[in-house]
$ cat protein_16.pdb   # PDB, C-alpha atoms and all ligand atoms
ATOM      1  CA  MET A   1     -90.152 -67.453  53.042
ATOM      2  CA  PRO A   2     -93.418 -65.656  53.858
ATOM      3  CA  PRO A   3     -95.205 -65.106  50.513
ATOM      4  CA  THR A   4     -96.380 -61.676  51.617
ATOM      5  CA  ALA A   5     -92.933 -60.369  52.586
ATOM      6  CA  PRO A   6     -92.186 -56.971  51.012
ATOM      7  CA  ALA A   7     -89.603 -56.791  48.251
ATOM      8  CA  VAL A   8     -87.277 -55.038  50.698
ATOM      9  CA  GLU A   9     -87.747 -54.428  54.396
ATOM     10  CA  ILE A  10     -85.087 -52.523  56.313
ATOM     11  CA  VAL A  11     -85.473 -51.867  60.023
ATOM     12  CA  GLY A  12     -83.062 -49.723  62.036
ATOM     13  CA  LEU A  13     -80.148 -50.144  59.595
ATOM     14  CA  VAL A  14     -76.841 -48.823  60.902
ATOM     15  CA  LYS A  15     -73.614 -48.763  58.866
ATOM     16  CA  ARG A  16     -70.348 -47.208  60.030
ATOM     17  CA  TYR A  17     -67.104 -46.551  58.221
ATOM     18  CA  ASP A  18     -64.173 -45.774  60.526
ATOM     19  CA  ASP A  19     -66.509 -45.054  63.452
ATOM     20  CA  HIS A  20     -68.408 -42.573  61.305
ATOM     21  CA  GLU A  21     -72.089 -43.475  61.193
ATOM     22  CA  ILE A  22     -73.096 -43.237  57.522
ATOM     23  CA  VAL A  23     -76.494 -44.919  57.832
ATOM     24  CA  ARG A  24     -78.264 -44.097  61.059
ATOM     25  CA  SER A  25     -81.193 -46.280  62.052
ATOM     26  CA  LEU A  26     -82.772 -46.223  58.616
ATOM     27  CA  ASP A  27     -86.185 -47.832  58.041
ATOM     28  CA  LEU A  28     -87.452 -48.521  54.539
ATOM     29  CA  VAL A  29     -90.077 -50.767  52.984
ATOM     30  CA  ALA A  30     -90.243 -51.346  49.228
ATOM     31  CA  ALA A  31     -93.529 -53.011  48.310
ATOM     32  CA  ARG A  32     -93.693 -55.876  45.829
ATOM     33  CA  GLY A  33     -94.515 -54.960  42.261
ATOM     34  CA  GLN A  34     -93.816 -51.294  42.800
ATOM     35  CA  VAL A  35     -91.083 -48.887  41.797
ATOM     36  CA  THR A  36     -89.459 -47.382  44.878
ATOM     37  CA  ALA A  37     -87.073 -44.476  44.310
ATOM     38  CA  VAL A  38     -84.510 -43.494  46.926
ATOM     39  CA  LEU A  39     -83.439 -39.860  46.639
ATOM     40  CA  GLY A  40     -80.875 -37.957  48.637
ATOM     41  CA  PRO A  41     -77.940 -35.577  48.344
ATOM     42  CA  ASN A  42     -74.447 -36.877  47.504
ATOM     43  CA  GLY A  43     -73.098 -38.899  50.403
ATOM     44  CA  ALA A  44     -76.506 -39.364  52.041
ATOM     45  CA  GLY A  45     -75.988 -43.130  52.300
ATOM     46  CA  LYS A  46     -78.147 -44.382  49.404
ATOM     47  CA  THR A  47     -75.553 -46.658  47.786
ATOM     48  CA  THR A  48     -74.430 -47.967  51.173
ATOM     49  CA  THR A  49     -78.028 -48.885  51.988
ATOM     50  CA  ILE A  50     -78.570 -50.605  48.639
ATOM     51  CA  GLU A  51     -75.275 -52.467  48.970
ATOM     52  CA  CYS A  52     -76.469 -53.805  52.341
ATOM     53  CA  CYS A  53     -79.584 -55.105  50.519
ATOM     54  CA  GLU A  54     -77.409 -56.687  47.835
ATOM     55  CA  GLY A  55     -75.360 -58.539  50.456
ATOM     56  CA  LEU A  56     -72.249 -56.561  49.474
ATOM     57  CA  ARG A  57     -71.951 -54.802  52.849
ATOM     58  CA  ARG A  58     -72.487 -56.145  56.344
ATOM     59  CA  PRO A  59     -74.724 -53.923  58.462
ATOM     60  CA  ASP A  60     -73.446 -52.807  61.866
ATOM     61  CA  GLY A  61     -76.993 -52.827  63.212
ATOM     62  CA  GLY A  62     -80.604 -53.392  62.272
ATOM     63  CA  THR A  63     -82.097 -55.946  59.925
ATOM     64  CA  VAL A  64     -82.357 -56.152  56.150
ATOM     65  CA  ARG A  65     -84.744 -58.551  54.445
ATOM     66  CA  VAL A  66     -84.932 -58.997  50.701
ATOM     67  CA  LEU A  67     -87.929 -61.004  49.459
ATOM     68  CA  GLY A  68     -88.173 -62.095  53.093
ATOM     69  CA  LEU A  69     -84.602 -63.446  53.144
ATOM     70  CA  ASP A  70     -81.324 -62.285  54.661
ATOM     71  CA  PRO A  71     -79.027 -61.094  51.842
ATOM     72  CA  LEU A  72     -75.900 -62.083  53.800
ATOM     73  CA  THR A  73     -76.837 -65.668  54.629
ATOM     74  CA  ASP A  74     -79.405 -66.453  51.912
ATOM     75  CA  GLY A  75     -77.304 -65.270  48.958
ATOM     76  CA  PRO A  76     -77.592 -68.551  46.983
ATOM     77  CA  SER A  77     -81.418 -68.471  47.160
ATOM     78  CA  LEU A  78     -81.601 -64.789  46.351
ATOM     79  CA  ARG A  79     -79.114 -64.615  43.483
ATOM     80  CA  PRO A  80     -81.394 -66.116  40.795
ATOM     81  CA  ARG A  81     -84.296 -63.920  41.924
ATOM     82  CA  VAL A  82     -82.603 -60.537  42.265
ATOM     83  CA  GLY A  83     -80.976 -58.337  39.610
ATOM     84  CA  VAL A  84     -78.274 -55.875  40.572
ATOM     85  CA  MET A  85     -76.994 -52.881  38.631
ATOM     86  CA  LEU A  86     -74.083 -51.330  40.486
ATOM     87  CA  GLN A  87     -73.189 -47.642  40.277
ATOM     88  CA  ASP A  88     -69.806 -48.317  38.683
ATOM     89  CA  GLY A  89     -71.074 -51.057  36.374
ATOM     90  CA  GLY A  90     -68.938 -53.794  37.933
ATOM     91  CA  LEU A  91     -68.549 -55.564  34.563
ATOM     92  CA  PRO A  92     -65.508 -57.585  33.402
ATOM     93  CA  SER A  93     -63.484 -55.388  31.043
ATOM     94  CA  SER A  94     -62.007 -57.655  28.365
ATOM     95  CA  VAL A  95     -65.141 -59.356  27.028
ATOM     96  CA  ARG A  96     -67.340 -58.095  24.187
ATOM     97  CA  ALA A  97     -70.654 -56.512  25.180
ATOM     98  CA  LEU A  98     -72.996 -59.027  23.527
ATOM     99  CA  GLU A  99     -70.873 -62.032  24.527
ATOM    100  CA  LEU A 100     -71.084 -60.905  28.130
ATOM    101  CA  LEU A 101     -74.850 -60.556  27.983
ATOM    102  CA  GLU A 102     -75.261 -63.928  26.276
ATOM    103  CA  HIS A 103     -72.918 -65.568  28.782
ATOM    104  CA  VAL A 104     -74.813 -64.154  31.768
ATOM    105  CA  SER A 105     -78.123 -65.244  30.206
ATOM    106  CA  THR A 106     -76.947 -68.882  30.149
ATOM    107  CA  MET A 107     -76.676 -68.812  33.951
ATOM    108  CA  TYR A 108     -80.451 -68.524  34.324
ATOM    109  CA  ALA A 109     -83.232 -71.076  33.874
ATOM    110  CA  ASP A 110     -85.620 -68.751  32.045
ATOM    111  CA  PRO A 111     -83.621 -65.783  30.772
ATOM    112  CA  TRP A 112     -84.954 -62.685  29.035
ATOM    113  CA  ASP A 113     -84.744 -62.969  25.265
ATOM    114  CA  VAL A 114     -81.316 -61.416  24.564
ATOM    115  CA  PRO A 115     -82.198 -59.858  21.151
ATOM    116  CA  ASP A 116     -85.227 -58.207  22.822
ATOM    117  CA  LEU A 117     -83.043 -56.682  25.559
ATOM    118  CA  VAL A 118     -80.498 -55.602  22.937
ATOM    119  CA  GLU A 119     -83.304 -53.867  21.052
ATOM    120  CA  ARG A 120     -84.905 -52.234  24.108
ATOM    121  CA  LEU A 121     -81.609 -50.822  25.385
ATOM    122  CA  GLY A 122     -80.097 -50.026  21.983
ATOM    123  CA  LEU A 123     -77.038 -52.267  22.478
ATOM    124  CA  ALA A 124     -76.668 -53.399  18.840
ATOM    125  CA  GLY A 125     -74.356 -50.538  17.846
ATOM    126  CA  PHE A 126     -71.654 -51.673  20.277
ATOM    127  CA  ALA A 127     -72.431 -55.395  20.577
ATOM    128  CA  ARG A 128     -68.920 -56.389  19.415
ATOM    129  CA  THR A 129     -67.045 -53.747  21.406
ATOM    130  CA  THR A 130     -65.127 -54.886  24.488
ATOM    131  CA  VAL A 131     -66.441 -53.524  27.779
ATOM    132  CA  ARG A 132     -63.292 -51.491  28.461
ATOM    133  CA  ARG A 133     -63.808 -49.524  25.221
ATOM    134  CA  LEU A 134     -67.460 -48.698  25.837
ATOM    135  CA  SER A 135     -68.485 -45.148  26.625
ATOM    136  CA  GLY A 136     -69.904 -44.484  30.099
ATOM    137  CA  GLY A 137     -73.477 -44.470  28.825
ATOM    138  CA  GLN A 138     -73.009 -47.659  26.783
ATOM    139  CA  ARG A 139     -71.500 -49.444  29.787
ATOM    140  CA  GLN A 140     -74.416 -48.225  31.888
ATOM    141  CA  ARG A 141     -76.971 -49.713  29.480
ATOM    142  CA  LEU A 142     -75.064 -52.990  29.286
ATOM    143  CA  ALA A 143     -74.986 -53.120  33.102
ATOM    144  CA  MET A 144     -78.747 -52.689  33.134
ATOM    145  CA  ALA A 145     -79.175 -55.453  30.572
ATOM    146  CA  THR A 146     -77.038 -57.872  32.621
ATOM    147  CA  ALA A 147     -79.070 -56.987  35.731
ATOM    148  CA  LEU A 148     -82.312 -57.862  33.926
ATOM    149  CA  VAL A 149     -81.362 -60.789  31.723
ATOM    150  CA  GLY A 150     -82.150 -63.346  34.452
ATOM    151  CA  ARG A 151     -85.750 -62.066  34.688
ATOM    152  CA  PRO A 152     -85.421 -61.141  38.359
ATOM    153  CA  GLU A 153     -88.412 -60.659  40.673
ATOM    154  CA  LEU A 154     -86.646 -57.703  42.221
ATOM    155  CA  VAL A 155     -84.074 -55.412  40.683
ATOM    156  CA  PHE A 156     -81.755 -52.883  42.342
ATOM    157  CA  LEU A 157     -80.772 -50.054  40.014
ATOM    158  CA  ASP A 158     -78.213 -47.620  41.447
ATOM    159  CA  GLU A 159     -78.542 -44.405  39.418
ATOM    160  CA  PRO A 160     -79.632 -46.246  36.239
ATOM    161  CA  SER A 161     -79.809 -43.133  34.075
ATOM    162  CA  ALA A 162     -76.752 -41.268  35.362
ATOM    163  CA  GLY A 163     -74.710 -40.002  32.433
ATOM    164  CA  LEU A 164     -77.149 -41.217  29.771
ATOM    165  CA  ASP A 165     -78.172 -39.154  26.744
ATOM    166  CA  PRO A 166     -81.885 -38.274  26.530
ATOM    167  CA  GLN A 167     -82.690 -41.113  24.116
ATOM    168  CA  SER A 168     -81.068 -43.720  26.350
ATOM    169  CA  ARG A 169     -82.717 -42.245  29.427
ATOM    170  CA  HIS A 170     -86.117 -42.628  27.813
ATOM    171  CA  ALA A 171     -85.268 -46.223  26.849
ATOM    172  CA  VAL A 172     -84.340 -46.953  30.471
ATOM    173  CA  TRP A 173     -87.572 -45.359  31.700
ATOM    174  CA  GLU A 174     -89.622 -47.409  29.237
ATOM    175  CA  LEU A 175     -87.907 -50.542  30.464
ATOM    176  CA  VAL A 176     -88.605 -49.699  34.109
ATOM    177  CA  ARG A 177     -92.275 -49.171  33.191
ATOM    178  CA  ALA A 178     -92.266 -52.526  31.387
ATOM    179  CA  LEU A 179     -90.771 -54.194  34.476
ATOM    180  CA  ARG A 180     -93.463 -52.743  36.679
ATOM    181  CA  ALA A 181     -96.136 -53.920  34.209
ATOM    182  CA  GLN A 182     -94.660 -57.437  34.525
ATOM    183  CA  GLY A 183     -94.957 -57.230  38.327
ATOM    184  CA  VAL A 184     -91.213 -56.861  38.944
ATOM    185  CA  SER A 185     -90.255 -54.892  42.062
ATOM    186  CA  VAL A 186     -87.735 -52.118  41.394
ATOM    187  CA  LEU A 187     -85.654 -50.239  43.941
ATOM    188  CA  LEU A 188     -83.672 -47.455  42.325
ATOM    189  CA  THR A 189     -81.644 -44.467  43.379
ATOM    190  CA  THR A 190     -81.618 -41.310  41.340
ATOM    191  CA  HIS A 191     -80.690 -37.650  41.366
ATOM    192  CA  LEU A 192     -83.227 -36.933  38.634
ATOM    193  CA  MET A 193     -86.337 -35.605  40.272
ATOM    194  CA  ASP A 194     -88.403 -35.873  37.084
ATOM    195  CA  GLU A 195     -87.365 -39.509  36.832
ATOM    196  CA  ALA A 196     -88.598 -40.190  40.367
ATOM    197  CA  GLU A 197     -91.768 -38.169  39.819
ATOM    198  CA  ASP A 198     -92.549 -40.024  36.566
ATOM    199  CA  LEU A 199     -91.569 -43.557  37.470
ATOM    200  CA  ALA A 200     -91.885 -44.116  41.182
ATOM    201  CA  ASP A 201     -94.895 -45.369  43.090
ATOM    202  CA  HIS A 202     -93.087 -44.607  46.322
ATOM    203  CA  VAL A 203     -90.315 -42.085  46.956
ATOM    204  CA  VAL A 204     -88.006 -42.230  49.963
ATOM    205  CA  ILE A 205     -85.859 -39.171  50.675
ATOM    206  CA  VAL A 206     -82.702 -39.934  52.639
ATOM    207  CA  ASP A 207     -80.380 -37.383  54.207
ATOM    208  CA  HIS A 208     -77.479 -37.943  56.602
ATOM    209  CA  GLY A 209     -78.244 -41.665  56.645
ATOM    210  CA  GLN A 210     -81.876 -41.332  57.691
ATOM    211  CA  VAL A 211     -85.242 -41.231  55.951
ATOM    212  CA  ILE A 212     -86.536 -37.687  56.224
ATOM    213  CA  ALA A 213     -89.683 -38.010  54.090
ATOM    214  CA  GLN A 214     -91.518 -40.615  52.058
ATOM    215  CA  GLY A 215     -94.719 -41.148  50.132
ATOM    216  CA  SER A 216     -95.968 -41.187  46.580
ATOM    217  CA  PRO A 217     -94.687 -38.250  44.504
ATOM    218  CA  SER A 218     -98.091 -36.562  44.721
ATOM    219  CA  GLU A 219     -98.316 -37.142  48.485
ATOM    220  CA  LEU A 220     -94.906 -35.533  48.931
ATOM    221  CA  ILE A 221     -95.825 -32.576  46.735
ATOM    222  CA  ASP A 222     -99.260 -32.171  48.344
ATOM    223  CA  SER A 223     -97.810 -32.294  51.833
ATOM    224  CA  SER A 224     -96.108 -28.974  51.125
ATOM    225  CA  ALA A 225     -97.536 -25.818  49.589
ATOM    226  CA  ARG A 226     -98.665 -26.666  46.038
ATOM    227  CA  THR A 227     -97.640 -23.419  44.361
ATOM    228  CA  SER A 228     -94.116 -22.117  44.001
ATOM    229  CA  LEU A 229     -93.255 -18.419  43.738
ATOM    230  CA  THR A 230     -89.899 -17.209  42.515
ATOM    231  CA  PHE A 231     -88.760 -13.786  41.387
ATOM    232  CA  ALA A 232     -85.692 -11.901  40.274
ATOM    233  CA  ALA A 233     -84.760  -8.376  41.365
ATOM    234  CA  ALA A 234     -81.727  -6.481  42.667
ATOM    235  CA  PRO A 235     -79.428  -8.641  44.796
ATOM    236  CA  GLY A 236     -79.351  -8.218  48.555
ATOM    237  CA  LEU A 237     -83.000  -7.338  49.254
ATOM    238  CA  PRO A 238     -83.877  -7.421  52.982
ATOM    239  CA  THR A 239     -85.481 -10.863  52.919
ATOM    240  CA  ILE A 240     -86.382 -10.802  56.609
ATOM    241  CA  SER A 241     -88.554  -7.716  56.110
ATOM    242  CA  LEU A 242     -90.151  -9.213  52.984
ATOM    243  CA  ALA A 243     -90.773 -12.527  54.725
ATOM    244  CA  SER A 244     -92.570 -10.787  57.538
ATOM    245  CA  ALA A 245     -94.706  -8.794  55.066
ATOM    246  CA  LEU A 246     -95.596 -11.983  53.182
ATOM    247  CA  GLY A 247     -95.975 -14.225  56.213
ATOM    248  CA  ALA A 248     -93.832 -16.771  54.332
ATOM    249  CA  GLY A 249     -90.181 -17.758  54.052
ATOM    250  CA  VAL A 250     -87.994 -15.903  51.534
ATOM    251  CA  GLN A 251     -84.579 -17.104  50.413
ATOM    252  CA  GLU A 252     -82.103 -15.481  48.031
ATOM    253  CA  THR A 253     -80.997 -18.683  46.317
ATOM    254  CA  THR A 254     -78.406 -17.031  44.059
ATOM    255  CA  PRO A 255     -77.659 -13.282  43.954
ATOM    256  CA  GLY A 256     -80.787 -11.520  42.715
ATOM    257  CA  HIS A 257     -82.932 -14.706  42.599
ATOM    258  CA  TYR A 258     -85.487 -15.296  45.324
ATOM    259  CA  THR A 259     -87.773 -18.148  46.314
ATOM    260  CA  VAL A 260     -90.828 -17.757  48.523
ATOM    261  CA  SER A 261     -91.716 -20.836  50.535
ATOM    262  CA  GLY A 262     -95.022 -21.435  52.274
ATOM    263  CA  SER A 263     -98.546 -20.900  51.106
ATOM    264  CA  VAL A 264     -98.828 -18.784  47.948
ATOM    265  CA  VAL A 265    -102.253 -17.193  47.357
ATOM    266  CA  PRO A 266    -103.313 -14.234  45.157
ATOM    267  CA  ALA A 267    -102.791 -11.818  48.070
ATOM    268  CA  THR A 268     -99.157 -12.989  48.344
ATOM    269  CA  LEU A 269     -98.456 -11.581  44.865
ATOM    270  CA  ALA A 270    -100.210  -8.295  45.673
ATOM    271  CA  THR A 271     -98.194  -7.929  48.885
ATOM    272  CA  LEU A 272     -94.947  -8.732  47.103
ATOM    273  CA  THR A 273     -95.451  -6.171  44.333
ATOM    274  CA  ARG A 274     -96.597  -3.507  46.860
ATOM    275  CA  TRP A 275     -93.557  -4.183  49.063
ATOM    276  CA  CYS A 276     -91.302  -3.799  46.004
ATOM    277  CA  ALA A 277     -93.078  -0.624  44.798
ATOM    278  CA  ASP A 278     -92.729   0.965  48.267
ATOM    279  CA  ARG A 279     -88.955   0.412  48.031
ATOM    280  CA  ASP A 280     -88.589   1.321  44.359
ATOM    281  CA  VAL A 281     -87.526  -2.246  43.583
ATOM    282  CA  LEU A 282     -88.203  -3.440  40.037
ATOM    283  CA  LEU A 283     -89.044  -7.103  39.608
ATOM    284  CA  SER A 284     -87.280  -8.345  36.493
ATOM    285  CA  ARG A 285     -89.052 -11.719  36.693
ATOM    286  CA  LEU A 286     -91.972 -13.070  38.670
ATOM    287  CA  SER A 287     -93.097 -16.631  38.295
ATOM    288  CA  THR A 288     -95.614 -18.910  39.936
ATOM    289  CA  GLY A 289     -96.147 -22.542  39.100
ATOM    290  CA  ARG A 290     -96.966 -25.976  40.351
ATOM    291  CA  ARG A 291     -94.367 -27.166  42.831
ATOM    292  CA  THR A 292     -92.343 -30.141  41.752
ATOM    293  CA  LEU A 293     -90.634 -32.954  43.593
ATOM    294  CA  GLU A 294     -87.415 -30.969  43.130
ATOM    295  CA  ASP A 295     -88.880 -28.040  45.113
ATOM    296  CA  VAL A 296     -89.874 -30.439  47.897
ATOM    297  CA  PHE A 297     -86.435 -32.083  47.839
ATOM    298  CA  LEU A 298     -84.618 -28.741  48.067
ATOM    299  CA  ASP A 299     -86.901 -27.547  50.873
ATOM    300  CA  LEU A 300     -86.179 -30.721  52.829
ATOM    301  CA  THR A 301     -82.460 -31.079  52.195
ATOM    302  CA  GLY A 302     -81.424 -27.439  51.812
ATOM    303  CA  ARG A 303     -79.534 -25.718  49.031
ATOM    304  CA  SER A 304     -75.949 -25.964  50.240
ATOM    305  CA  LEU A 305     -73.608 -28.264  48.326
ATOM    306  CA  ARG A 306     -72.511 -31.583  49.842
TER     307      ARG A 306
HETATM  308  N1  LIG B 401     -65.899 -48.155  51.854
HETATM  309  C1  LIG B 401     -66.038 -46.940  52.399
HETATM  310  N2  LIG B 401     -65.181 -46.503  53.349
HETATM  311  C2  LIG B 401     -65.324 -45.311  53.948
HETATM  312  N3  LIG B 401     -66.326 -44.436  53.650
HETATM  313  C3  LIG B 401     -67.198 -44.812  52.710
HETATM  314  C4  LIG B 401     -67.107 -46.075  52.047
HETATM  315  N4  LIG B 401     -68.134 -46.167  51.166
HETATM  316  C5  LIG B 401     -68.825 -45.003  51.272
HETATM  317  N5  LIG B 401     -68.278 -44.199  52.205
HETATM  318  C6  LIG B 401     -68.771 -42.888  52.618
HETATM  319  O1  LIG B 401     -70.100 -43.047  53.036
HETATM  320  C7  LIG B 401     -70.864 -41.891  52.695
HETATM  321  C8  LIG B 401     -72.121 -42.334  51.973
HETATM  322  O2  LIG B 401     -71.757 -42.875  50.723
HETATM  323  P1  LIG B 401     -72.838 -43.459  49.710
HETATM  324  O3  LIG B 401     -72.089 -43.904  48.500
HETATM  325  O4  LIG B 401     -73.686 -44.454  50.407
HETATM  326  O5  LIG B 401     -73.695 -42.146  49.408
HETATM  327  P2  LIG B 401     -74.780 -41.888  48.285
HETATM  328  O6  LIG B 401     -75.978 -41.352  48.980
HETATM  329  O7  LIG B 401     -74.968 -43.089  47.446
HETATM  330  O8  LIG B 401     -74.070 -40.723  47.462
HETATM  331  P3  LIG B 401     -74.059 -40.350  45.878
HETATM  332  O9  LIG B 401     -75.361 -39.677  45.607
HETATM  333  O10 LIG B 401     -72.919 -39.395  45.787
HETATM  334  O11 LIG B 401     -73.856 -41.614  45.105
HETATM  335  C9  LIG B 401     -69.968 -40.990  51.888
HETATM  336  O12 LIG B 401     -69.492 -39.962  52.744
HETATM  337  C10 LIG B 401     -68.839 -41.897  51.460
HETATM  338  O13 LIG B 401     -67.629 -41.183  51.353
END
$ encode --input "protein_16.pdb" --output "structure tokens" --more "lines below"
Ligand SMILES: Nc1ncnc2c1ncn2[C@@H]1O[C@H](COP(=O)(O)OP(=O)(O)OP(=O)(O)O)[C@@H](O)[C@H]1O
Amino acid sequence: MPPTAPAVEIVGLVKRYDDHEIVRSLDLVAARGQVTAVLGPNGAGKTTTIECCEGLRRPDGGTVRVLGLDPLTDGPSLRPRVGVMLQDGGLPSSVRALELLEHVSTMYADPWDVPDLVERLGLAGFARTTVRRLSGGQRQRLAMATALVGRPELVFLDEPSAGLDPQSRHAVWELVRALRAQGVSVLLTTHLMDEAEDLADHVVIVDHGQVIAQGSPSELIDSSARTSLTFAAAPGLPTISLASALGAGVQETTPGHYTVSGSVVPATLATLTRWCADRDVLLSRLSTGRRTLEDVFLDLTGRSLR
């Protein structure tokens, strides 16, 4: 295994279900020791891609290398070095939470101290509860603990904070930061843009099975206009006329709520208020602010539901 191989290297990945191409020539590199976040709308192909990395799905094309190895043929070498947290937990249902964690820890040569993991993820309150009786968020935290207990070099976390209460989410974020500080490589998927912005060194945005943008959160935000402008007024304003006055895009995102895309400078505000005054339109809200990763994501992937 080349010592310099990235944590994950995917080249030209193709995956089809029933002749429908779900992942379409996807390239992705997750560097060692970094947190890489994969974002994308529902059905974009994130889980399918991760499952190909975990050796759970066989690609129809392209290559996948995990720590320089092939997850399909090198499973035995990879298993002790890679932690996997599946989206649906994938835990046996009739065993008690702590017993499961302790049992999994015995499978590893140098496991994470179980009481420490219990403390970090707040598992003590349901340690004696069987998995089938755990709430969704409790099961999620237990799944994360079982993914980490073997002290993996690389961990795949598929939506680790989905359905968690704010306290648990912060605990998960702290743990991801601790993993990074220990030099562990993390590849996670998330729908939480603040999570990606806070935690990730590298963000990969996937849509329709392809990477459509990537970079550090600040690179992605800087690559688009830095300031956002939104306003509220009567529904149904002629956005084409306003866009041409502003020299920027204007979208009515929900009735009566508008977003201006493109460069926002002081003159943009003056033009907007003059355009409204000329038409006797009263702005009920006008707001500018720093653009976020969520703004970039919505610009890139659109606002329609999937
Ligand atoms: N085993 C399967 N058979 C057929 N289609 C599948 C199968 N698994 C996934 N799909 C389809 O592949 C597409 C991508 O699914 P995937 O779970 O990879 O998306 P995702 O980006 O992880 O979405 P989400 O954000 O909703 O979790 C979806 O349209 C899904 O219905």
$ closest_residue --input "protein_16.pdb" --among "A:Val84, A:Leu98, A:Ala30, A:Leu269" --to "Gly247 in chain A" --atoms "all atoms listed in the file"
A:Leu269
$ residues_near_ligand --input "protein_16.pdb" --ligand "ligand LIG 401 (chain B)" --cutoff "10 Å" --atoms "all atoms listed in the file" --output "number ranges by chain"
A: 15-23, 38-52, 57, 87, 158-159, 189-191, 206-209, 306
$ write_last_selection --input "protein_16.pdb" --atoms "C-alpha atoms" --output "compact mmCIF listing (two decimals), in the coordinates of the input"
# COMPACT_ATOMS: atom_id res chain seq x y z
CA LYS A 15 -73.61 -48.76 58.87
CA ARG A 16 -70.35 -47.21 60.03
CA TYR A 17 -67.10 -46.55 58.22
CA ASP A 18 -64.17 -45.77 60.53
CA ASP A 19 -66.51 -45.05 63.45
CA HIS A 20 -68.41 -42.57 61.30
CA GLU A 21 -72.09 -43.48 61.19
CA ILE A 22 -73.10 -43.24 57.52
CA VAL A 23 -76.49 -44.92 57.83
CA VAL A 38 -84.51 -43.49 46.93
CA LEU A 39 -83.44 -39.86 46.64
CA GLY A 40 -80.88 -37.96 48.64
CA PRO A 41 -77.94 -35.58 48.34
CA ASN A 42 -74.45 -36.88 47.50
CA GLY A 43 -73.10 -38.90 50.40
CA ALA A 44 -76.51 -39.36 52.04
CA GLY A 45 -75.99 -43.13 52.30
CA LYS A 46 -78.15 -44.38 49.40
CA THR A 47 -75.55 -46.66 47.79
CA THR A 48 -74.43 -47.97 51.17
CA THR A 49 -78.03 -48.88 51.99
CA ILE A 50 -78.57 -50.60 48.64
CA GLU A 51 -75.28 -52.47 48.97
CA CYS A 52 -76.47 -53.80 52.34
CA ARG A 57 -71.95 -54.80 52.85
CA GLN A 87 -73.19 -47.64 40.28
CA ASP A 158 -78.21 -47.62 41.45
CA GLU A 159 -78.54 -44.40 39.42
CA THR A 189 -81.64 -44.47 43.38
CA THR A 190 -81.62 -41.31 41.34
CA HIS A 191 -80.69 -37.65 41.37
CA VAL A 206 -82.70 -39.93 52.64
CA ASP A 207 -80.38 -37.38 54.21
CA HIS A 208 -77.48 -37.94 56.60
CA GLY A 209 -78.24 -41.66 56.64
CA ARG A 306 -72.51 -31.58 49.84
$ atom_distance --input "protein_16.pdb" --atom1 "CA of Pro160 in chain A" --atom2 "CA of Ala196 in chain A"
11.6 Å
$ closest_residue --input "protein_16.pdb" --among "A:Leu188, A:Gly137, A:Gly150, A:Ala277" --to "Asp165 in chain A" --atoms "all atoms listed in the file"
A:Gly137
$ residues_around --input "protein_16.pdb" --residues "Val149 in chain A" --least-positions-apart "5" --cutoff "10 Å" --atoms "only C-alpha atoms" --output "VMD selection string"
chain A and resid 83 101 to 102 104 to 108 110 to 114 117 144
$ closest_residue --input "protein_16.pdb" --among "A:Thr130, A:Thr73, A:Ser185, A:Ser261" --to "Gly33 in chain A" --atoms "all atoms listed in the file"
A:Ser185
$ closest_residue --input "protein_16.pdb" --among "A:Pro76, A:Pro152, A:Ser241, A:Val131" --to "Ala109 in chain A" --atoms "all atoms listed in the file"
A:Pro152
$ residues_near_point --input "protein_16.pdb" --point "(-98.4, -22.9, 50.7)" --cutoff "10 Å" --atoms "all atoms listed in the file" --output "list in words"
Asp222, Ser223, Ser224, Ala225, Arg226, Thr227, Ser228, Leu229, Ala248, Val260, Ser261, Gly262, Ser263, Val264, Val265 and Arg291 of chain A
$ resolve_selection --input "protein_16.pdb" --expression "the PyMOL selection byres (((chain A and resi 282) around 10) and not hetatm)" --output "list in words"
Ala232, Ala233, Ala234, Thr273, Cys276, Ala277, Arg279, Asp280, Val281, Leu283, Ser284 and Arg285 of chain A
$ atom_distance --input "protein_16.pdb" --atom1 "CA of Arg139 in chain A" --atom2 "CA of Glu99 in chain A"
13.7 Å
$ closest_residue --input "protein_16.pdb" --among "A:Leu164, A:Val155, A:Met193, A:Leu26" --to "Arg141 in chain A" --atoms "all atoms listed in the file"
A:Leu164
$ atom_distance --input "protein_16.pdb" --atom1 "CA of Ser218 in chain A" --atom2 "CA of Ala181 in chain A"
20.4 Å
$ residues_around --input "protein_16.pdb" --residues "Trp173 in chain A" --least-positions-apart "4" --cutoff "9 Å" --atoms "only C-alpha atoms" --output "PyMOL selection string"
chain A and resi 161+168-169+177-178+195+198-199
$ axis_aligned_box --input "protein_16.pdb" --around "range 244-256 of chain A" --padding-each-side "5 Å" --output "JSON"
{"center_x": -86.8, "center_y": -13.7, "center_z": 50.1, "size_x": 28.3, "size_y": 19.9, "size_z": 24.8}
$ residues_around --input "protein_16.pdb" --residues "Thr230 in chain A" --least-positions-apart "5" --cutoff "10 Å" --atoms "only C-alpha atoms" --output "PyMOL selection string"
chain A and resi 250-253+257-261+285-289
$ closest_residue --input "protein_16.pdb" --among "A:Ala5, A:Leu28, A:Leu157, A:Leu246" --to "Val176 in chain A" --atoms "all atoms listed in the file"
A:Leu157
$ residues_around --input "protein_16.pdb" --residues "Leu123 in chain A" --least-positions-apart "2" --cutoff "10 Å" --atoms "only C-alpha atoms" --output "list in words"
Ala97, Leu98, Pro115, Leu117, Val118, Glu119, Arg120, Leu121, Gly125, Phe126, Ala127, Arg128, Gln138, Arg139, Arg141, Leu142 and Ala145 of chain A
